[in-house]
$ cat final-v4.txt   # compact mmCIF, C-alpha atoms
# COMPACT_ATOMS: atom_id res chain seq x y z
CA MET A 80 0.00 0.00 0.00
CA VAL A 81 1.18 3.52 -0.84
CA LEU A 82 0.24 6.84 0.69
CA ILE A 83 0.49 9.91 -1.53
CA TRP A 84 0.87 13.15 0.45
CA GLN A 85 0.15 16.37 -1.43
CA PRO A 86 -0.30 19.56 0.66
CA PHE A 87 -2.78 22.16 -0.56
CA SER A 88 -0.22 25.00 -0.58
CA LYS A 89 2.93 26.37 0.99
CA THR A 90 0.75 28.14 3.56
CA PHE A 91 -0.60 24.85 4.85
CA ASN A 92 2.83 23.29 4.59
CA GLU A 93 4.24 25.96 6.91
CA LEU A 94 1.33 25.66 9.34
CA LEU A 95 0.94 21.94 9.61
CA LEU A 96 3.28 19.06 10.02
CA LEU A 97 1.68 15.68 9.44
CA PHE A 98 3.49 12.80 10.94
CA ALA A 99 3.31 9.07 11.43
CA LEU A 100 1.01 7.92 8.68
CA PHE A 101 0.67 4.17 8.98
CA LEU A 102 -1.30 1.89 6.69
CA ASP A 103 -2.85 -1.43 7.65
CA VAL A 104 -3.12 -2.70 11.20
CA VAL A 105 -0.51 -1.38 13.61
CA PRO A 106 0.89 -4.00 16.03
CA LEU A 107 -1.52 -3.87 18.94
CA GLY A 108 0.43 -4.52 22.08
CA GLU A 109 4.00 -3.75 21.15
CA GLY A 110 6.13 -2.57 24.03
CA LYS A 111 3.35 -2.64 26.62
CA LYS A 112 3.59 -4.42 29.94
CA GLN A 113 0.99 -6.69 31.43
CA LEU A 114 -0.12 -5.09 34.65
CA PRO A 115 -1.05 -7.02 37.78
CA ARG A 116 -4.64 -7.46 38.85
CA SER A 117 -5.89 -5.45 41.81
CA ALA A 118 -6.54 -7.29 45.03
CA GLY A 119 -9.25 -7.10 47.63
CA ALA A 120 -12.48 -7.37 45.62
CA SER A 121 -14.86 -10.29 45.71
CA GLU A 122 -15.96 -11.64 42.38
CA THR A 123 -18.94 -13.76 41.40
CA VAL A 124 -18.40 -16.51 38.85
CA GLU A 125 -20.44 -15.91 35.69
CA THR A 126 -23.15 -18.51 35.04
CA TYR A 127 -24.56 -17.24 31.72
CA ASP A 128 -28.06 -18.27 32.72
CA LYS A 129 -29.71 -15.17 34.19
CA TYR A 130 -30.44 -11.56 33.31
CA TYR A 131 -29.03 -8.79 35.45
CA ASN A 132 -31.61 -6.22 36.52
CA TYR A 133 -30.40 -2.69 37.20
CA VAL A 134 -29.22 -3.42 40.76
CA ASP A 135 -27.49 -6.64 39.67
CA LEU A 136 -25.88 -4.90 36.71
CA THR A 137 -24.62 -2.04 38.87
CA ASN A 138 -23.18 -4.40 41.47
CA ARG A 139 -21.54 -6.58 38.84
CA LEU A 140 -19.90 -3.70 37.01
CA GLN A 141 -18.71 -2.07 40.24
CA SER A 142 -17.21 -5.35 41.42
CA LEU A 143 -15.38 -5.85 38.12
CA ALA A 144 -14.06 -2.29 38.13
CA GLN A 145 -12.72 -2.77 41.64
CA SER A 146 -11.15 -6.17 40.88
CA TYR A 147 -9.49 -4.98 37.67
CA SER A 148 -8.79 -1.35 38.47
CA HIS A 149 -5.47 -1.49 36.61
CA ILE A 150 -7.32 -1.81 33.30
CA ALA A 151 -10.96 -0.92 34.08
CA SER A 152 -12.79 2.22 35.15
CA LEU A 153 -16.56 2.48 35.64
CA SER A 154 -18.40 5.76 35.18
CA SER A 155 -21.84 7.07 34.32
CA ILE A 156 -22.36 9.44 31.37
CA GLY A 157 -25.80 10.51 32.62
CA ARG A 158 -29.11 9.26 33.94
CA SER A 159 -32.30 7.82 32.48
CA VAL A 160 -35.74 9.37 32.84
CA GLU A 161 -36.25 7.44 36.09
CA GLY A 162 -32.80 8.28 37.43
CA ARG A 163 -30.87 5.14 36.62
CA GLU A 164 -27.20 5.57 35.77
CA LEU A 165 -26.01 5.03 32.20
CA TRP A 166 -23.00 2.94 33.09
CA VAL A 167 -19.94 2.73 30.86
CA MET A 168 -16.98 0.45 31.50
CA ARG A 169 -13.74 1.82 30.12
CA ILE A 170 -11.10 -0.84 29.50
CA SER A 171 -7.54 0.11 28.71
CA VAL A 172 -4.12 0.43 30.25
CA GLU A 173 -4.28 3.47 32.55
CA PRO A 174 -8.06 3.63 32.13
CA ASP A 175 -8.49 6.96 33.90
CA LYS A 176 -6.57 9.04 31.38
CA ASP A 177 -6.38 9.57 27.63
CA THR A 178 -3.27 8.35 25.83
CA PRO A 179 -1.99 9.85 22.56
CA GLY A 180 -2.13 7.43 19.65
CA LYS A 181 -4.75 5.12 21.14
CA PRO A 182 -8.04 4.96 19.17
CA LYS A 183 -11.35 4.96 21.01
CA PHE A 184 -13.87 2.17 20.42
CA LYS A 185 -17.36 1.72 21.85
CA TYR A 186 -20.23 -0.76 22.04
CA VAL A 187 -23.73 0.33 23.09
CA GLY A 188 -26.39 -2.21 24.00
CA ASN A 189 -30.03 -2.40 25.10
CA MET A 190 -31.01 0.88 23.40
CA HIS A 191 -34.43 -0.67 23.05
CA GLY A 192 -35.15 -1.88 26.55
CA ASP A 193 -36.89 -5.08 25.49
CA GLU A 194 -34.00 -6.16 23.23
CA THR A 195 -32.00 -7.76 25.96
CA VAL A 196 -29.41 -10.14 24.52
CA SER A 197 -27.07 -7.23 23.84
CA ARG A 198 -27.17 -6.15 27.48
CA GLN A 199 -25.96 -9.51 28.74
CA VAL A 200 -23.53 -10.18 25.90
CA LEU A 201 -21.77 -6.87 26.59
CA VAL A 202 -21.44 -7.73 30.28
CA TYR A 203 -19.88 -11.03 29.21
CA LEU A 204 -17.55 -9.17 26.87
CA VAL A 205 -16.40 -6.91 29.71
CA GLU A 206 -15.75 -9.99 31.85
CA TYR A 207 -13.91 -11.71 29.03
CA LEU A 208 -11.60 -8.79 28.29
CA LEU A 209 -10.77 -8.31 31.96
CA THR A 210 -10.21 -11.95 32.86
CA LYS A 211 -8.24 -12.86 29.72
CA TYR A 212 -5.95 -9.84 29.88
CA GLY A 213 -2.43 -11.04 30.60
CA GLU A 214 -3.44 -14.63 29.77
CA GLU A 215 -4.33 -14.48 26.08
CA ALA A 216 -2.00 -12.56 23.76
CA ARG A 217 -4.82 -11.40 21.49
CA ILE A 218 -6.82 -9.85 24.33
CA THR A 219 -3.72 -8.37 25.97
CA GLU A 220 -2.72 -6.66 22.72
CA LEU A 221 -6.24 -5.36 22.12
CA VAL A 222 -6.52 -3.84 25.60
CA ASN A 223 -2.99 -2.42 25.49
CA SER A 224 -3.56 -0.63 22.19
CA THR A 225 -7.22 0.41 22.33
CA ASP A 226 -9.34 2.71 24.49
CA ILE A 227 -12.48 0.56 24.86
CA TYR A 228 -15.83 1.80 26.15
CA ILE A 229 -18.74 -0.59 26.75
CA MET A 230 -22.26 0.54 27.68
CA PRO A 231 -24.39 -2.55 28.38
CA SER A 232 -27.66 -0.60 28.69
CA MET A 233 -28.63 2.73 27.17
CA ASN A 234 -32.25 2.18 28.24
CA PRO A 235 -32.23 0.73 31.78
CA ASP A 236 -35.78 1.96 32.44
CA GLY A 237 -37.12 0.06 29.46
CA PHE A 238 -35.32 -3.11 30.51
CA GLU A 239 -37.00 -3.05 33.91
CA LYS A 240 -40.39 -3.02 32.17
CA SER A 241 -39.63 -5.77 29.67
CA THR A 242 -40.68 -9.38 30.14
CA GLU A 243 -38.48 -12.45 29.77
CA GLY A 244 -39.80 -14.63 26.96
CA ASP A 245 -41.42 -11.73 25.09
CA CYS A 246 -39.98 -12.34 21.64
CA ASP A 247 -42.06 -9.76 19.77
CA GLY A 248 -41.98 -6.87 22.22
CA VAL A 249 -45.71 -6.88 22.88
CA TYR A 250 -45.43 -6.36 26.65
CA GLY A 251 -43.52 -3.09 26.55
CA GLY A 252 -40.08 -1.86 27.43
CA ARG A 253 -38.88 -0.82 23.97
CA ASN A 254 -39.11 2.93 24.61
CA ASN A 255 -37.79 5.00 27.48
CA ALA A 256 -39.93 5.95 30.47
CA ASN A 257 -41.36 8.89 28.50
CA ASN A 258 -42.48 6.41 25.84
CA VAL A 259 -39.99 7.72 23.29
CA ASP A 260 -38.07 5.45 20.91
CA LEU A 261 -34.42 6.33 21.51
CA ASN A 262 -33.39 5.12 18.06
CA ARG A 263 -35.71 7.63 16.38
CA SER A 264 -34.62 10.58 18.51
CA PHE A 265 -31.15 11.60 17.33
CA PRO A 266 -30.72 14.66 15.08
CA ASP A 267 -31.43 13.47 11.54
CA GLN A 268 -29.64 14.59 8.38
CA PHE A 269 -32.96 15.22 6.60
CA ASP A 270 -35.39 16.08 9.39
CA GLY A 271 -33.21 17.73 12.02
CA THR A 272 -34.27 17.41 15.65
CA THR A 273 -37.84 16.21 16.16
CA VAL A 274 -37.96 15.28 19.86
CA LYS A 275 -37.90 17.53 22.92
CA PRO A 276 -34.56 17.21 24.75
CA ASP A 277 -36.28 16.88 28.14
CA ASP A 278 -38.03 13.73 26.91
CA ILE A 279 -34.80 11.94 26.01
CA PRO A 280 -32.11 12.41 28.67
CA GLU A 281 -30.53 9.15 27.49
CA VAL A 282 -30.04 10.47 23.96
CA MET A 283 -28.79 13.84 25.21
CA ALA A 284 -26.21 12.10 27.38
CA VAL A 285 -25.03 9.86 24.53
CA THR A 286 -24.74 12.69 21.98
CA LYS A 287 -22.65 14.69 24.46
CA TRP A 288 -20.48 11.64 25.11
CA ILE A 289 -19.98 11.00 21.38
CA LYS A 290 -18.91 14.56 20.72
CA GLU A 291 -16.54 14.66 23.70
CA GLN A 292 -14.78 11.37 23.07
CA LYS A 293 -14.34 11.33 19.27
CA PHE A 294 -14.75 7.58 18.97
CA VAL A 295 -13.29 5.96 15.87
CA LEU A 296 -15.45 2.84 15.52
CA SER A 297 -18.64 1.70 17.22
CA GLY A 298 -21.27 -1.01 17.32
CA ASN A 299 -24.92 -0.56 18.29
CA LEU A 300 -26.44 -3.86 19.43
CA HIS A 301 -30.13 -4.67 18.96
CA GLY A 302 -32.45 -7.67 18.63
CA GLY A 303 -35.39 -8.88 16.55
CA THR A 304 -33.52 -10.67 13.76
CA VAL A 305 -29.93 -11.65 12.95
CA VAL A 306 -28.13 -9.24 10.60
CA ALA A 307 -25.49 -6.48 10.49
CA SER A 308 -26.91 -3.20 9.18
CA TYR A 309 -24.90 -0.22 7.97
CA PRO A 310 -25.57 3.46 7.05
CA PHE A 311 -27.48 5.19 5.91
CA ASP A 312 -30.58 4.27 7.88
CA ASP A 313 -32.91 6.67 6.08
CA SER A 314 -33.24 8.74 2.92
CA VAL A 315 -34.61 12.13 1.94
CA SER A 316 -37.78 10.50 0.59
CA HIS A 317 -38.20 8.24 3.65
CA GLN A 318 -39.33 5.45 1.34
CA ARG A 319 -40.42 2.75 3.74
CA GLN A 320 -38.37 -0.10 2.26
CA GLY A 321 -36.17 -0.94 -0.70
CA TYR A 322 -34.22 2.32 -1.12
CA TYR A 323 -30.44 1.89 -0.88
CA SER A 324 -29.21 5.02 0.92
CA GLN A 325 -25.49 5.08 0.24
CA SER A 326 -22.90 6.90 2.35
CA GLU A 327 -19.53 8.14 1.13
CA ASP A 328 -17.89 5.22 2.95
CA ASP A 329 -20.30 2.60 1.62
CA ASN A 330 -17.64 0.04 0.67
CA LEU A 331 -15.94 0.42 4.03
CA PHE A 332 -19.23 0.04 5.89
CA ARG A 333 -20.05 -3.08 3.89
CA TYR A 334 -16.66 -4.52 4.81
CA LEU A 335 -17.12 -3.76 8.52
CA ALA A 336 -20.58 -5.33 8.51
CA LEU A 337 -19.14 -8.42 6.82
CA VAL A 338 -16.47 -8.70 9.51
CA TYR A 339 -19.19 -9.11 12.11
CA SER A 340 -21.44 -11.28 9.97
CA HIS A 341 -18.80 -13.70 8.69
CA ASN A 342 -17.62 -14.46 12.22
CA HIS A 343 -21.16 -15.27 13.39
CA PRO A 344 -22.25 -18.84 12.55
CA VAL A 345 -25.92 -17.91 12.02
CA MET A 346 -25.63 -14.37 10.70
CA LYS A 347 -23.25 -15.30 7.90
CA THR A 348 -25.84 -17.63 6.36
CA GLY A 349 -28.16 -14.69 5.70
CA GLN A 350 -31.08 -16.83 6.84
CA PRO A 351 -32.17 -15.91 10.37
CA ASN A 352 -35.32 -18.09 10.09
CA CYS A 353 -37.16 -15.88 12.55
CA PRO A 354 -40.64 -17.29 13.33
CA ASP A 355 -42.41 -13.98 12.67
CA THR A 356 -40.61 -13.35 9.35
CA PRO A 357 -39.54 -16.78 8.04
CA GLU A 358 -39.18 -15.48 4.48
CA GLU A 359 -36.77 -12.66 5.36
CA THR A 360 -33.19 -13.20 4.20
CA PHE A 361 -30.07 -11.01 3.98
CA LYS A 362 -27.33 -11.68 1.44
CA ASP A 363 -24.12 -12.46 3.37
CA GLY A 364 -25.91 -11.51 6.59
CA ILE A 365 -25.69 -7.75 6.00
CA THR A 366 -27.98 -4.97 4.76
CA ASN A 367 -28.06 -1.27 4.05
CA GLY A 368 -30.26 0.16 6.78
CA ALA A 369 -32.65 2.17 4.61
CA ARG A 370 -32.96 -0.62 2.07
CA TRP A 371 -34.18 -2.85 4.88
CA TYR A 372 -36.52 -0.20 6.29
CA ASP A 373 -36.33 3.55 6.81
CA VAL A 374 -35.20 4.69 10.28
CA PRO A 375 -35.10 8.48 10.72
CA GLY A 376 -33.28 9.79 13.79
CA GLY A 377 -31.10 6.71 14.22
CA MET A 378 -27.93 6.56 16.27
CA GLN A 379 -25.62 4.99 13.68
CA ASP A 380 -26.16 7.78 11.15
CA TYR A 381 -25.63 10.39 13.88
CA ASN A 382 -22.26 8.86 14.76
CA TYR A 383 -21.12 9.01 11.15
CA LEU A 384 -22.45 12.44 10.23
CA TYR A 385 -21.88 14.36 13.46
CA GLY A 386 -19.66 12.24 15.69
CA ASN A 387 -16.44 11.53 13.76
CA CYS A 388 -17.22 7.83 14.23
CA LEU A 389 -18.19 4.91 12.02
CA GLU A 390 -20.96 2.77 13.52
CA ILE A 391 -22.97 -0.19 12.35
CA THR A 392 -25.95 -1.93 13.96
CA MET A 393 -25.88 -5.60 14.91
CA GLU A 394 -29.19 -7.45 15.34
CA LEU A 395 -28.32 -10.44 17.51
CA SER A 396 -31.38 -12.65 17.93
CA CYS A 397 -34.83 -13.33 16.48
CA CYS A 398 -36.38 -13.24 19.94
CA LYS A 399 -36.02 -9.83 21.52
CA HIS A 400 -36.09 -11.03 25.14
CA PRO A 401 -35.39 -14.77 25.01
CA PRO A 402 -35.36 -17.04 28.05
CA ALA A 403 -32.20 -16.70 30.09
CA SER A 404 -31.36 -20.29 29.20
CA GLU A 405 -30.44 -18.97 25.72
CA LEU A 406 -27.78 -16.54 26.96
CA GLN A 407 -24.83 -18.96 26.91
CA LYS A 408 -25.63 -19.82 23.28
CA GLU A 409 -25.89 -16.16 22.30
CA TRP A 410 -22.56 -15.36 23.92
CA ASP A 411 -20.90 -18.24 22.07
CA LEU A 412 -22.42 -17.09 18.76
CA ASN A 413 -21.30 -13.46 19.15
CA ARG A 414 -17.98 -13.61 21.00
CA GLU A 415 -15.68 -13.91 17.98
CA SER A 416 -17.66 -11.34 15.99
CA LEU A 417 -17.43 -8.83 18.83
CA LEU A 418 -13.66 -9.24 19.09
CA ALA A 419 -12.96 -9.27 15.34
CA TYR A 420 -15.01 -6.12 14.84
CA MET A 421 -13.20 -4.31 17.66
CA GLU A 422 -9.84 -5.09 16.09
CA LYS A 423 -10.83 -3.18 12.93
CA VAL A 424 -10.43 0.10 14.82
CA HIS A 425 -6.75 -0.31 13.90
CA MET A 426 -7.15 -0.57 10.12
CA GLY A 427 -6.33 2.25 7.70
CA VAL A 428 -4.32 5.40 8.34
CA ARG A 429 -3.35 7.05 11.61
CA GLY A 430 -1.07 9.86 12.70
CA PHE A 431 -0.71 13.24 14.36
CA VAL A 432 -1.08 16.78 13.08
CA LYS A 433 1.13 19.38 14.77
CA ASP A 434 2.12 22.97 14.27
CA ALA A 435 5.24 23.04 12.07
CA VAL A 436 6.92 25.72 14.17
CA SER A 437 5.96 25.03 17.77
CA GLY A 438 5.17 21.34 17.52
CA ALA A 439 1.88 21.92 19.36
CA ALA A 440 -0.88 19.41 18.71
CA LEU A 441 -3.66 20.74 16.48
CA ASN A 442 -7.15 19.48 17.17
CA ASN A 443 -10.20 19.72 14.91
CA VAL A 444 -8.02 19.66 11.80
CA SER A 445 -9.88 18.12 8.85
CA ILE A 446 -8.42 14.92 7.41
CA VAL A 447 -9.41 14.97 3.75
CA VAL A 448 -9.27 11.82 1.61
CA ALA A 449 -9.54 12.62 -2.07
CA GLY A 450 -12.56 10.97 -3.65
CA ILE A 451 -14.38 10.43 -0.34
CA ARG A 452 -16.54 13.42 0.53
CA HIS A 453 -16.59 12.75 4.24
CA ASN A 454 -13.91 14.32 6.43
CA LEU A 455 -12.91 13.35 9.93
CA THR A 456 -11.13 15.66 12.36
CA THR A 457 -8.22 15.30 14.73
CA ALA A 458 -8.69 14.75 18.47
CA LYS A 459 -7.17 16.70 21.35
CA PHE A 460 -3.64 15.34 20.89
CA GLY A 461 -3.75 16.15 17.19
CA ASP A 462 -4.25 12.43 16.58
CA TYR A 463 -6.45 11.02 13.86
CA TYR A 464 -7.54 7.56 12.77
CA ARG A 465 -9.00 7.30 9.27
CA LEU A 466 -10.41 3.82 8.66
CA LEU A 467 -9.82 2.89 5.02
CA LEU A 468 -9.82 -0.23 2.88
CA PRO A 469 -6.48 -1.29 1.36
CA GLY A 470 -5.54 0.99 -1.53
CA THR A 471 -3.73 4.15 -2.59
CA TYR A 472 -5.03 7.45 -1.21
CA ASN A 473 -4.28 11.16 -1.46
CA ILE A 474 -4.71 12.49 2.07
CA THR A 475 -4.47 16.11 3.19
CA ALA A 476 -4.68 17.78 6.60
CA VAL A 477 -6.49 21.13 6.45
CA ALA A 478 -6.99 23.83 9.10
CA PRO A 479 -8.04 27.49 9.02
CA GLY A 480 -5.26 30.10 8.97
$ encode --input "final-v4.txt" --output "structure tokens"
Amino acid sequence: MVLIWQPFSKTFNELLLLFALFLDVVPLGEGKKQLPRSAGASETVETYDKYYNYVDLTNRLQSLAQSYSHIASLSSIGRSVEGRELWVMRISVEPDKDTPGKPKFKYVGNMHGDETVSRQVLVYLVEYLLTKYGEEARITELVNSTDIYIMPSMNPDGFEKSTEGDCDGVYGGRNNANNVDLNRSFPDQFDGTTVKPDDIPEVMAVTKWIKEQKFVLSGNLHGGTVVASYPFDDSVSHQRQGYYSQSEDDNLFRYLALVYSHNHPVMKTGQPNCPDTPEETFKDGITNGARWYDVPGGMQDYNYLYGNCLEITMELSCCKHPPASELQKEWDLNRESLLAYMEKVHMGVRGFVKDAVSGAALNNVSIVVAGIRHNLTTAKFGDYYRLLLPGTYNITAVAPG
């Protein structure tokens, strides 16, 4: 792979110095030490056969954060309508501070409160990353090189109202406590903002979090079928189904969706065989969101258009809230996909943009890839991470002045 660097002009050349452009995956854990586990916290062995309600979830996450404080930090980014914390587990070396050159990745689950597999699977993922760190080279490298954020439940109020065994969502819990669908409430590229901020504290907290953190790659986990869906989720016409709404990074999004799908034994077949829609199939287990059905105000499009982040949506199970006896199976089906997708945060081009004279880091500098009309911007250390498929690119860093 070759990178062609052509500055816009001598003015930009004098202002900006672009360093450390790397193509392909950078070695993940090079030069990092394995840190010892913290002592003094009791830990419950995972059984994979029960759902955690809000109190259980809180206790479990707090216990894990205490036991693995060298690589885990638990915080809340806000509260739900009914005052429940929106917990996020941050997993990384030195998890309480930002590190230059380390891309940020996130998973968000249980956005619809009655779609519950994601909530549990993300708890299991947290446990897996923490317990395997220092034991498995792959996990150690991933944690050493990545700033990982995992939110098991964006809609804890809805979860408390949902009913185990309710596969079709007929008993409630999908929406937040103000009866608003959180995945129709983000600012939309065609319709703008359509929901009162006071009705959606969960969405307001997540949009603030997205803008502050400048995540690079993200997954939004749902339930109701088995497929990986990618932007765009809606179109200007809002045609209900069948309209392929293509983003500037369409090929890249297709690739990322295939990474998840092809590592999932059921998803990759493209035949979920869901009882309520037995005829529904998805070629290679992926779909363009709007082509499947139009979703205005969705979170994945917001991430891409306004958040500097590429996100796809993973639908994990036909049954939205299956019996807890199914949780071990769902974890086994999704574990490799979750890990393989996370590792793609390291693909493409990365580097730093600094002032040519002072060497000061320059944030909010646009990273322009010729031929792709979608620019990302640098983070607070002047660092950028532009996910790209293998190829030859003309890349320019641009800032005012």
$ residues_around --input "final-v4.txt" --residues "Val274 in chain A" --least-positions-apart "3" --cutoff "9 Å" --atoms "all atoms listed in the file" --output "ChimeraX atom specification"
/A:259,263-266,277-279
$ write_last_selection --input "final-v4.txt" --atoms "C-alpha atoms" --output "PDB file, keeping the file's coordinate frame"
ATOM      1  CA  VAL A 259     -39.990   7.720  23.290  1.00  0.00           C
ATOM      2  CA  ARG A 263     -35.710   7.630  16.380  1.00  0.00           C
ATOM      3  CA  SER A 264     -34.620  10.580  18.510  1.00  0.00           C
ATOM      4  CA  PHE A 265     -31.150  11.600  17.330  1.00  0.00           C
ATOM      5  CA  PRO A 266     -30.720  14.660  15.080  1.00  0.00           C
ATOM      6  CA  ASP A 277     -36.280  16.880  28.140  1.00  0.00           C
ATOM      7  CA  ASP A 278     -38.030  13.730  26.910  1.00  0.00           C
ATOM      8  CA  ILE A 279     -34.800  11.940  26.010  1.00  0.00           C
TER       9      ILE A 279
END
$ closest_residue --input "final-v4.txt" --among "A:Glu164, A:Glu394, A:Asp267, A:Asp380" --to "Pro351 in chain A" --atoms "all atoms listed in the file"
A:Glu394
$ residues_near_point --input "final-v4.txt" --point "(-3.7, 24.3, 18.4)" --cutoff "10 Å" --atoms "only C-alpha atoms" --output "NGL selection string"
:A and (432-434 or 437-444 or 459-461 or 478)
$ closest_residue --input "final-v4.txt" --among "A:Met233, A:Ala151, A:Ala458, A:Val160" --to "Glu173 in chain A" --atoms "all atoms listed in the file"
A:Ala151
$ residues_near_point --input "final-v4.txt" --point "(-27.1, -14.4, 3.3)" --cutoff "8 Å" --atoms "all atoms listed in the file" --output "list of chain:residue names"
A:Met346, A:Lys347, A:Thr348, A:Gly349, A:Gln350, A:Thr360, A:Phe361, A:Lys362, A:Asp363, A:Gly364, A:Ile365
$ closest_residue --input "final-v4.txt" --among "A:Asn367, A:Thr126, A:Thr242, A:Ser416" --to "Gln199 in chain A" --atoms "all atoms listed in the file"
A:Thr126
$ residues_around --input "final-v4.txt" --residues "Gly376 in chain A" --least-positions-apart "5" --cutoff "12 Å" --atoms "all atoms listed in the file" --output "PyMOL selection string"
chain A and resi 259-274+282+311-314+317+369+381-382+384
$ build_atoms --input "final-v4.txt" --residues "range 203-222 of chain A" --atoms "N, CA and C atoms" --output "PDB file, in the coordinates of the input"
ATOM      1  N   TYR A 203     -20.802  -9.896  29.394  1.00  0.00           N
ATOM      2  CA  TYR A 203     -19.880 -11.030  29.210  1.00  0.00           C
ATOM      3  C   TYR A 203     -18.604 -10.587  28.501  1.00  0.00           C
ATOM      4  N   LEU A 204     -18.732  -9.667  27.572  1.00  0.00           N
ATOM      5  CA  LEU A 204     -17.550  -9.170  26.870  1.00  0.00           C
ATOM      6  C   LEU A 204     -16.635  -8.419  27.837  1.00  0.00           C
ATOM      7  N   VAL A 205     -17.205  -7.592  28.693  1.00  0.00           N
ATOM      8  CA  VAL A 205     -16.400  -6.910  29.710  1.00  0.00           C
ATOM      9  C   VAL A 205     -15.656  -7.940  30.551  1.00  0.00           C
ATOM     10  N   GLU A 206     -16.368  -8.950  31.023  1.00  0.00           N
ATOM     11  CA  GLU A 206     -15.750  -9.990  31.850  1.00  0.00           C
ATOM     12  C   GLU A 206     -14.628 -10.698  31.096  1.00  0.00           C
ATOM     13  N   TYR A 207     -14.885 -10.981  29.841  1.00  0.00           N
ATOM     14  CA  TYR A 207     -13.910 -11.710  29.030  1.00  0.00           C
ATOM     15  C   TYR A 207     -12.633 -10.905  28.835  1.00  0.00           C
ATOM     16  N   LEU A 208     -12.774  -9.641  28.493  1.00  0.00           N
ATOM     17  CA  LEU A 208     -11.600  -8.790  28.290  1.00  0.00           C
ATOM     18  C   LEU A 208     -10.783  -8.660  29.564  1.00  0.00           C
ATOM     19  N   LEU A 209     -11.474  -8.514  30.691  1.00  0.00           N
ATOM     20  CA  LEU A 209     -10.770  -8.310  31.960  1.00  0.00           C
ATOM     21  C   LEU A 209     -10.083  -9.586  32.441  1.00  0.00           C
ATOM     22  N   THR A 210     -10.771 -10.707  32.332  1.00  0.00           N
ATOM     23  CA  THR A 210     -10.210 -11.950  32.860  1.00  0.00           C
ATOM     24  C   THR A 210      -9.142 -12.554  31.956  1.00  0.00           C
ATOM     25  N   LYS A 211      -9.223 -12.281  30.663  1.00  0.00           N
ATOM     26  CA  LYS A 211      -8.240 -12.860  29.720  1.00  0.00           C
ATOM     27  C   LYS A 211      -7.026 -11.966  29.517  1.00  0.00           C
ATOM     28  N   TYR A 212      -7.099 -10.744  30.006  1.00  0.00           N
ATOM     29  CA  TYR A 212      -5.950  -9.840  29.880  1.00  0.00           C
ATOM     30  C   TYR A 212      -4.756 -10.406  30.651  1.00  0.00           C
ATOM     31  N   GLY A 213      -3.621 -10.468  29.974  1.00  0.00           N
ATOM     32  CA  GLY A 213      -2.430 -11.040  30.600  1.00  0.00           C
ATOM     33  C   GLY A 213      -2.341 -12.539  30.447  1.00  0.00           C
ATOM     34  N   GLU A 214      -3.436 -13.180  29.983  1.00  0.00           N
ATOM     35  CA  GLU A 214      -3.440 -14.630  29.770  1.00  0.00           C
ATOM     36  C   GLU A 214      -3.461 -14.984  28.288  1.00  0.00           C
ATOM     37  N   GLU A 215      -4.239 -14.237  27.510  1.00  0.00           N
ATOM     38  CA  GLU A 215      -4.330 -14.480  26.080  1.00  0.00           C
ATOM     39  C   GLU A 215      -3.688 -13.297  25.340  1.00  0.00           C
ATOM     40  N   ALA A 216      -2.760 -13.608  24.447  1.00  0.00           N
ATOM     41  CA  ALA A 216      -2.000 -12.560  23.760  1.00  0.00           C
ATOM     42  C   ALA A 216      -2.924 -11.637  22.957  1.00  0.00           C
ATOM     43  N   ARG A 217      -3.923 -12.214  22.313  1.00  0.00           N
ATOM     44  CA  ARG A 217      -4.820 -11.400  21.490  1.00  0.00           C
ATOM     45  C   ARG A 217      -5.543 -10.344  22.319  1.00  0.00           C
ATOM     46  N   ILE A 218      -6.068 -10.764  23.469  1.00  0.00           N
ATOM     47  CA  ILE A 218      -6.820  -9.850  24.330  1.00  0.00           C
ATOM     48  C   ILE A 218      -5.871  -8.830  24.963  1.00  0.00           C
ATOM     49  N   THR A 219      -4.705  -9.275  25.368  1.00  0.00           N
ATOM     50  CA  THR A 219      -3.720  -8.370  25.970  1.00  0.00           C
ATOM     51  C   THR A 219      -3.336  -7.275  24.980  1.00  0.00           C
ATOM     52  N   GLU A 220      -3.091  -7.639  23.743  1.00  0.00           N
ATOM     53  CA  GLU A 220      -2.720  -6.660  22.720  1.00  0.00           C
ATOM     54  C   GLU A 220      -3.860  -5.681  22.451  1.00  0.00           C
ATOM     55  N   LEU A 221      -5.084  -6.208  22.397  1.00  0.00           N
ATOM     56  CA  LEU A 221      -6.240  -5.360  22.120  1.00  0.00           C
ATOM     57  C   LEU A 221      -6.435  -4.322  23.226  1.00  0.00           C
ATOM     58  N   VAL A 222      -6.341  -4.758  24.465  1.00  0.00           N
ATOM     59  CA  VAL A 222      -6.520  -3.840  25.600  1.00  0.00           C
ATOM     60  C   VAL A 222      -5.355  -2.855  25.695  1.00  0.00           C
TER      61      VAL A 222
END
